[in-house]
Amino acid sequence: MNKTEKSRWFGHPWLSILLAVSWLLLQHTLAPFHLISAVLIGLAVPRLLHGFLPISEPMRWLPAVRLLGVVLWDIVVSNITVARLVLGPISRLQPAWITVPLALSHPTAISLLASIITTTPGTVSCTIDEKSCSILVHALNCTDPAQMVADIQTRYERPLLAIFECPLQNTGKTYNTKQTAKKGEGP
């Protein structure tokens, strides 16, 4: 057994903690038996699933907390904006398909970026194009596609780069944006 295998016993500390806390919450008690059960479940389940779980990688917490604040704020503001758009005249809507080029290469960071985009009302990440290293995003209302691309990259992608300490990819690509001519038209 090499050093990597030995360290895998507690290779997913957050998952172990989450499982233990969840067990205690389900039991509604801090009785010694349930405390011991929580610890055993928290240690055993990640160990049994270690072949299916990716190796935990270090991340920086301060940028993660900042990004969480930005995302929560954007969700609140976007909800208000989308409510105004939906309750107003439909003719005001300018849906658009935009392509956001990625500087990210870390798969977890890319997945988080796609999730953040989808979680923020008014935008949905539709596909991740690995060949062109970009995400295709549908926006409910987009008057300036280039500005939306820049906002996504500044507000979400750069913090993810800082969180996962990803090196920037120098692709030399320019922003590729496409705006739909008609409502409901695809890319």
# chains A, B, ... in the order shown; residues from 1 in each chain; ligands from 1

call {"tool": "residues_around", "arguments": {"residues": "Ala139 of chain A", "least_positions_apart": "5", "cutoff": "8 Å", "atoms": "only C-alpha atoms", "output": "ChimeraX atom specification"}}
result
/A:95-98,122-124

call {"tool": "write_last_selection", "arguments": {"atoms": "N, CA, C and O atoms", "output": "short mmCIF file (atom, residue, chain, number, x, y, z; two decimals), in the first residue's frame"}}
result
data_model
loop_
_atom_site.label_atom_id
_atom_site.label_comp_id
_atom_site.auth_asym_id
_atom_site.auth_seq_id
_atom_site.Cartn_x
_atom_site.Cartn_y
_atom_site.Cartn_z
N PRO A 95 -33.72 37.60 -26.59
CA PRO A 95 -32.97 36.38 -26.29
C PRO A 95 -31.74 36.28 -27.19
O PRO A 95 -31.73 36.79 -28.31
N ALA A 96 -30.72 35.63 -26.66
CA ALA A 96 -29.49 35.50 -27.43
C ALA A 96 -28.76 34.22 -27.05
O ALA A 96 -28.86 33.74 -25.92
N TRP A 97 -28.04 33.68 -28.01
CA TRP A 97 -27.11 32.59 -27.77
C TRP A 97 -25.73 33.21 -27.79
O TRP A 97 -25.37 33.90 -28.75
N ILE A 98 -24.96 32.99 -26.74
CA ILE A 98 -23.59 33.52 -26.72
C ILE A 98 -22.61 32.39 -26.42
O ILE A 98 -22.95 31.44 -25.73
N GLY A 122 -32.28 33.81 -15.83
CA GLY A 122 -32.13 34.54 -17.09
C GLY A 122 -31.07 33.96 -18.00
O GLY A 122 -30.98 34.33 -19.16
N THR A 123 -30.25 33.05 -17.48
CA THR A 123 -29.22 32.42 -18.30
C THR A 123 -29.22 30.92 -18.05
O THR A 123 -29.50 30.46 -16.95
N VAL A 124 -28.89 30.18 -19.10
CA VAL A 124 -28.77 28.72 -19.00
C VAL A 124 -27.56 28.30 -19.80
O VAL A 124 -27.41 28.67 -20.96
#

call {"tool": "residues_around", "arguments": {"residues": "Thr127 of chain A", "least_positions_apart": "3", "cutoff": "8 Å", "atoms": "only C-alpha atoms", "output": "MDAnalysis selection string"}}
result
chainID A and resid 135:137

call {"tool": "write_last_selection", "arguments": {"atoms": "all heavy atoms", "output": "PDB file, in the first residue's frame"}}
result
ATOM      1  N   ILE A 135     -18.270  27.587 -23.514  1.00  0.00           N
ATOM      2  CA  ILE A 135     -19.603  27.214 -23.048  1.00  0.00           C
ATOM      3  C   ILE A 135     -20.617  27.994 -23.876  1.00  0.00           C
ATOM      4  O   ILE A 135     -20.483  29.207 -24.039  1.00  0.00           O
ATOM      5  CB  ILE A 135     -19.804  27.538 -21.556  1.00  0.00           C
ATOM      6  CG1 ILE A 135     -18.883  26.701 -20.683  1.00  0.00           C
ATOM      7  CG2 ILE A 135     -21.252  27.317 -21.130  1.00  0.00           C
ATOM      8  CD1 ILE A 135     -19.040  26.958 -19.198  1.00  0.00           C
ATOM      9  N   LEU A 136     -21.625  27.291 -24.376  1.00  0.00           N
ATOM     10  CA  LEU A 136     -22.716  27.941 -25.090  1.00  0.00           C
ATOM     11  C   LEU A 136     -23.792  28.290 -24.068  1.00  0.00           C
ATOM     12  O   LEU A 136     -24.237  27.433 -23.307  1.00  0.00           O
ATOM     13  CB  LEU A 136     -23.290  27.013 -26.164  1.00  0.00           C
ATOM     14  CG  LEU A 136     -24.434  27.576 -26.998  1.00  0.00           C
ATOM     15  CD1 LEU A 136     -23.967  28.784 -27.817  1.00  0.00           C
ATOM     16  CD2 LEU A 136     -24.996  26.500 -27.904  1.00  0.00           C
ATOM     17  N   VAL A 137     -24.170  29.563 -24.024  1.00  0.00           N
ATOM     18  CA  VAL A 137     -25.116  30.062 -23.023  1.00  0.00           C
ATOM     19  C   VAL A 137     -26.310  30.690 -23.734  1.00  0.00           C
ATOM     20  O   VAL A 137     -26.143  31.442 -24.697  1.00  0.00           O
ATOM     21  CB  VAL A 137     -24.441  31.119 -22.119  1.00  0.00           C
ATOM     22  CG1 VAL A 137     -25.429  31.721 -21.134  1.00  0.00           C
ATOM     23  CG2 VAL A 137     -23.246  30.530 -21.394  1.00  0.00           C
TER      24      VAL A 137
END

call {"tool": "residues_around", "arguments": {"residues": "Ser22 of chain A", "least_positions_apart": "6", "cutoff": "10 Å", "atoms": "only C-alpha atoms", "output": "number ranges by chain"}}
result
A: 16, 28, 38, 42

call {"tool": "select_by_dssp", "arguments": {"residues": "segment 24-138 of chain A", "states": "alpha helix (DSSP H)", "output": "PyMOL selection string"}}
result
chain A and resi 24-27+32-48+61-87+107-119

call {"tool": "select_by_dssp", "arguments": {"residues": "segment 1-176 of chain A", "states": "strand (DSSP E)", "output": "list in words"}}
result
Ala96, Trp97, Ile98, Thr99, Val100, Pro101, Thr123, Val124, Ser125, Cys126, Thr127, Ile128, Asp129, Ser134, Ile135, Leu136, Val137, His138 and Ala139 of chain A

call {"tool": "write_last_selection", "arguments": {"atoms": "all heavy atoms", "output": "CSV table (one decimal), in the first residue's frame"}}
result
chain,number,residue,atom,x,y,z
A,96,ALA,N,-30.7,35.6,-26.7
A,96,ALA,CA,-29.5,35.5,-27.4
A,96,ALA,C,-28.8,34.2,-27.0
A,96,ALA,O,-28.9,33.7,-25.9
A,96,ALA,CB,-28.6,36.7,-27.2
A,97,TRP,N,-28.0,33.7,-28.0
A,97,TRP,CA,-27.1,32.6,-27.8
A,97,TRP,C,-25.7,33.2,-27.8
A,97,TRP,O,-25.4,33.9,-28.7
A,97,TRP,CB,-27.2,31.5,-28.9
A,97,TRP,CG,-28.5,30.7,-28.8
A,97,TRP,CD1,-29.6,30.9,-29.5
A,97,TRP,CD2,-28.7,29.6,-28.0
A,97,TRP,NE1,-30.5,30.0,-29.2
A,97,TRP,CE2,-30.0,29.2,-28.3
A,97,TRP,CE3,-27.9,28.9,-27.1
A,97,TRP,CZ2,-30.6,28.0,-27.7
A,97,TRP,CZ3,-28.5,27.8,-26.5
A,97,TRP,CH2,-29.8,27.4,-26.7
A,98,ILE,N,-25.0,33.0,-26.7
A,98,ILE,CA,-23.6,33.5,-26.7
A,98,ILE,C,-22.6,32.4,-26.4
A,98,ILE,O,-22.9,31.4,-25.7
A,98,ILE,CB,-23.4,34.7,-25.7
A,98,ILE,CG1,-23.7,34.2,-24.3
A,98,ILE,CG2,-24.3,35.9,-26.1
A,98,ILE,CD1,-23.4,35.2,-23.2
A,99,THR,N,-21.5,32.5,-27.0
A,99,THR,CA,-20.4,31.5,-26.7
A,99,THR,C,-19.4,32.2,-25.8
A,99,THR,O,-18.8,33.3,-26.2
A,99,THR,CB,-19.7,31.1,-28.1
A,99,THR,OG1,-20.7,30.6,-28.9
A,99,THR,CG2,-18.7,30.1,-27.8
A,100,VAL,N,-19.1,31.6,-24.7
A,100,VAL,CA,-18.2,32.1,-23.7
A,100,VAL,C,-16.9,31.3,-23.8
A,100,VAL,O,-16.9,30.1,-23.4
A,100,VAL,CB,-18.7,32.1,-22.3
A,100,VAL,CG1,-17.8,32.6,-21.3
A,100,VAL,CG2,-20.1,32.8,-22.2
A,101,PRO,N,-15.8,31.9,-24.3
A,101,PRO,CA,-14.5,31.2,-24.4
A,101,PRO,C,-14.0,31.0,-23.0
A,101,PRO,O,-14.1,31.9,-22.1
A,101,PRO,CB,-13.6,32.1,-25.2
A,101,PRO,CG,-14.4,33.3,-25.5
A,101,PRO,CD,-15.7,33.2,-24.9
A,123,THR,N,-30.2,33.0,-17.5
A,123,THR,CA,-29.2,32.4,-18.3
A,123,THR,C,-29.2,30.9,-18.1
A,123,THR,O,-29.5,30.5,-17.0
A,123,THR,CB,-27.8,33.0,-18.0
A,123,THR,OG1,-27.5,32.8,-16.6
A,123,THR,CG2,-27.7,34.4,-18.4
A,124,VAL,N,-28.9,30.2,-19.1
A,124,VAL,CA,-28.8,28.7,-19.0
A,124,VAL,C,-27.6,28.3,-19.8
A,124,VAL,O,-27.4,28.7,-21.0
A,124,VAL,CB,-30.0,28.0,-19.6
A,124,VAL,CG1,-29.9,26.5,-19.5
A,124,VAL,CG2,-31.3,28.4,-18.8
A,125,SER,N,-26.7,27.5,-19.2
A,125,SER,CA,-25.5,27.0,-19.9
A,125,SER,C,-26.0,25.7,-20.6
A,125,SER,O,-26.6,24.8,-20.0
A,125,SER,CB,-24.3,26.7,-19.0
A,125,SER,OG,-24.7,25.8,-18.0
A,126,CYS,N,-25.9,25.7,-21.9
A,126,CYS,CA,-26.5,24.6,-22.7
A,126,CYS,C,-25.5,23.5,-23.0
A,126,CYS,O,-25.9,22.4,-23.0
A,126,CYS,CB,-27.1,25.2,-24.0
A,126,CYS,SG,-28.4,26.3,-23.7
A,127,THR,N,-24.3,23.9,-23.3
A,127,THR,CA,-23.3,22.8,-23.6
A,127,THR,C,-21.9,23.4,-23.4
A,127,THR,O,-21.7,24.5,-23.5
A,127,THR,CB,-23.5,22.4,-25.1
A,127,THR,OG1,-22.7,21.2,-25.3
A,127,THR,CG2,-23.1,23.4,-26.1
A,128,ILE,N,-21.1,22.4,-23.1
A,128,ILE,CA,-19.6,22.7,-22.9
A,128,ILE,C,-18.9,22.1,-24.1
A,128,ILE,O,-19.0,20.9,-24.3
A,128,ILE,CB,-19.1,22.2,-21.6
A,128,ILE,CG1,-19.8,22.8,-20.4
A,128,ILE,CG2,-17.6,22.4,-21.5
A,128,ILE,CD1,-19.5,22.1,-19.1
A,129,ASP,N,-18.3,23.0,-24.9
A,129,ASP,CA,-17.6,22.5,-26.1
A,129,ASP,C,-16.1,22.3,-25.7
A,129,ASP,O,-15.4,23.3,-25.6
A,129,ASP,CB,-17.8,23.5,-27.2
A,129,ASP,CG,-17.2,23.0,-28.6
A,129,ASP,OD1,-16.5,21.9,-28.6
A,129,ASP,OD2,-17.5,23.6,-29.6
A,134,SER,N,-15.2,26.2,-24.8
A,134,SER,CA,-16.1,27.3,-24.6
A,134,SER,C,-17.4,26.7,-24.0
A,134,SER,O,-17.6,25.5,-24.0
A,134,SER,CB,-16.4,28.0,-25.9
A,134,SER,OG,-16.9,27.1,-26.8
A,135,ILE,N,-18.3,27.6,-23.5
A,135,ILE,CA,-19.6,27.2,-23.0
A,135,ILE,C,-20.6,28.0,-23.9
A,135,ILE,O,-20.5,29.2,-24.0
A,135,ILE,CB,-19.8,27.5,-21.6
A,135,ILE,CG1,-18.9,26.7,-20.7
A,135,ILE,CG2,-21.3,27.3,-21.1
A,135,ILE,CD1,-19.0,27.0,-19.2
A,136,LEU,N,-21.6,27.3,-24.4
A,136,LEU,CA,-22.7,27.9,-25.1
A,136,LEU,C,-23.8,28.3,-24.1
A,136,LEU,O,-24.2,27.4,-23.3
A,136,LEU,CB,-23.3,27.0,-26.2
A,136,LEU,CG,-24.4,27.6,-27.0
A,136,LEU,CD1,-24.0,28.8,-27.8
A,136,LEU,CD2,-25.0,26.5,-27.9
A,137,VAL,N,-24.2,29.6,-24.0
A,137,VAL,CA,-25.1,30.1,-23.0
A,137,VAL,C,-26.3,30.7,-23.7
A,137,VAL,O,-26.1,31.4,-24.7
A,137,VAL,CB,-24.4,31.1,-22.1
A,137,VAL,CG1,-25.4,31.7,-21.1
A,137,VAL,CG2,-23.2,30.5,-21.4
A,138,HIS,N,-27.5,30.4,-23.2
A,138,HIS,CA,-28.7,31.1,-23.7
A,138,HIS,C,-29.1,32.1,-22.7
A,138,HIS,O,-29.2,31.8,-21.5
A,138,HIS,CB,-29.9,30.1,-23.9
A,138,HIS,CG,-31.1,30.8,-24.5
A,138,HIS,ND1,-32.1,31.2,-23.7
A,138,HIS,CD2,-31.4,31.1,-25.7
A,138,HIS,CE1,-33.0,31.8,-24.4
A,138,HIS,NE2,-32.6,31.8,-25.7
A,139,ALA,N,-29.3,33.3,-23.1
A,139,ALA,CA,-29.7,34.4,-22.3
A,139,ALA,C,-31.1,34.8,-22.6
A,139,ALA,O,-31.5,35.0,-23.8
A,139,ALA,CB,-28.8,35.6,-22.4

call {"tool": "closest_atom_pairs", "arguments": {"of": "segment 42-69 of chain A", "to": "segment 157-164 of chain A", "cutoff": "10 Å", "atoms": "only C-alpha atoms", "output": "CSV"}}
result
residue,atom,partner,partner_atom,distance
A:Glu57,CA,A:Phe164,CA,8.1
A:Pro58,CA,A:Phe164,CA,7.2
A:Met59,CA,A:Phe164,CA,5.0
A:Arg60,CA,A:Ile163,CA,4.7
A:Trp61,CA,A:Ile163,CA,6.9
A:Leu62,CA,A:Ile163,CA,8.0
A:Pro63,CA,A:Ile163,CA,5.6
A:Ala64,CA,A:Ile163,CA,5.9
A:Val65,CA,A:Ile163,CA,9.5
A:Arg66,CA,A:Pro159,CA,8.1
A:Leu67,CA,A:Pro159,CA,6.3
A:Leu68,CA,A:Pro159,CA,9.9

call {"tool": "residues_around", "arguments": {"residues": "Pro13 of chain A", "least_positions_apart": "5", "cutoff": "9 Å", "atoms": "only C-alpha atoms", "output": "MDAnalysis selection string"}}
result
chainID A and resid 18 42:43 46 56

call {"tool": "write_last_selection", "arguments": {"atoms": "N, CA and C atoms", "output": "PDB file, in the first residue's frame"}}
result
ATOM      1  N   LEU A  18     -19.980  15.681   6.063  1.00  0.00           N
ATOM      2  CA  LEU A  18     -21.369  15.796   5.612  1.00  0.00           C
ATOM      3  C   LEU A  18     -22.167  14.535   5.927  1.00  0.00           C
ATOM      4  N   GLY A  42     -19.073   8.138   8.316  1.00  0.00           N
ATOM      5  CA  GLY A  42     -18.279   9.194   7.683  1.00  0.00           C
ATOM      6  C   GLY A  42     -16.936   8.703   7.182  1.00  0.00           C
ATOM      7  N   LEU A  43     -16.377   7.685   7.846  1.00  0.00           N
ATOM      8  CA  LEU A  43     -15.099   7.131   7.405  1.00  0.00           C
ATOM      9  C   LEU A  43     -15.269   5.999   6.397  1.00  0.00           C
ATOM     10  N   PRO A  46     -16.953   6.923   2.303  1.00  0.00           N
ATOM     11  CA  PRO A  46     -16.003   7.436   1.303  1.00  0.00           C
ATOM     12  C   PRO A  46     -14.902   6.420   0.967  1.00  0.00           C
ATOM     13  N   SER A  56      -9.467  14.423  -3.983  1.00  0.00           N
ATOM     14  CA  SER A  56      -9.703  15.803  -3.553  1.00  0.00           C
ATOM     15  C   SER A  56      -8.490  16.653  -3.879  1.00  0.00           C
TER      16      SER A  56
END

call {"tool": "atom_distance", "arguments": {"atom1": "atom CA of Ile117 of chain A", "atom2": "atom CA of Leu87 of chain A"}}
result
22.3 Å
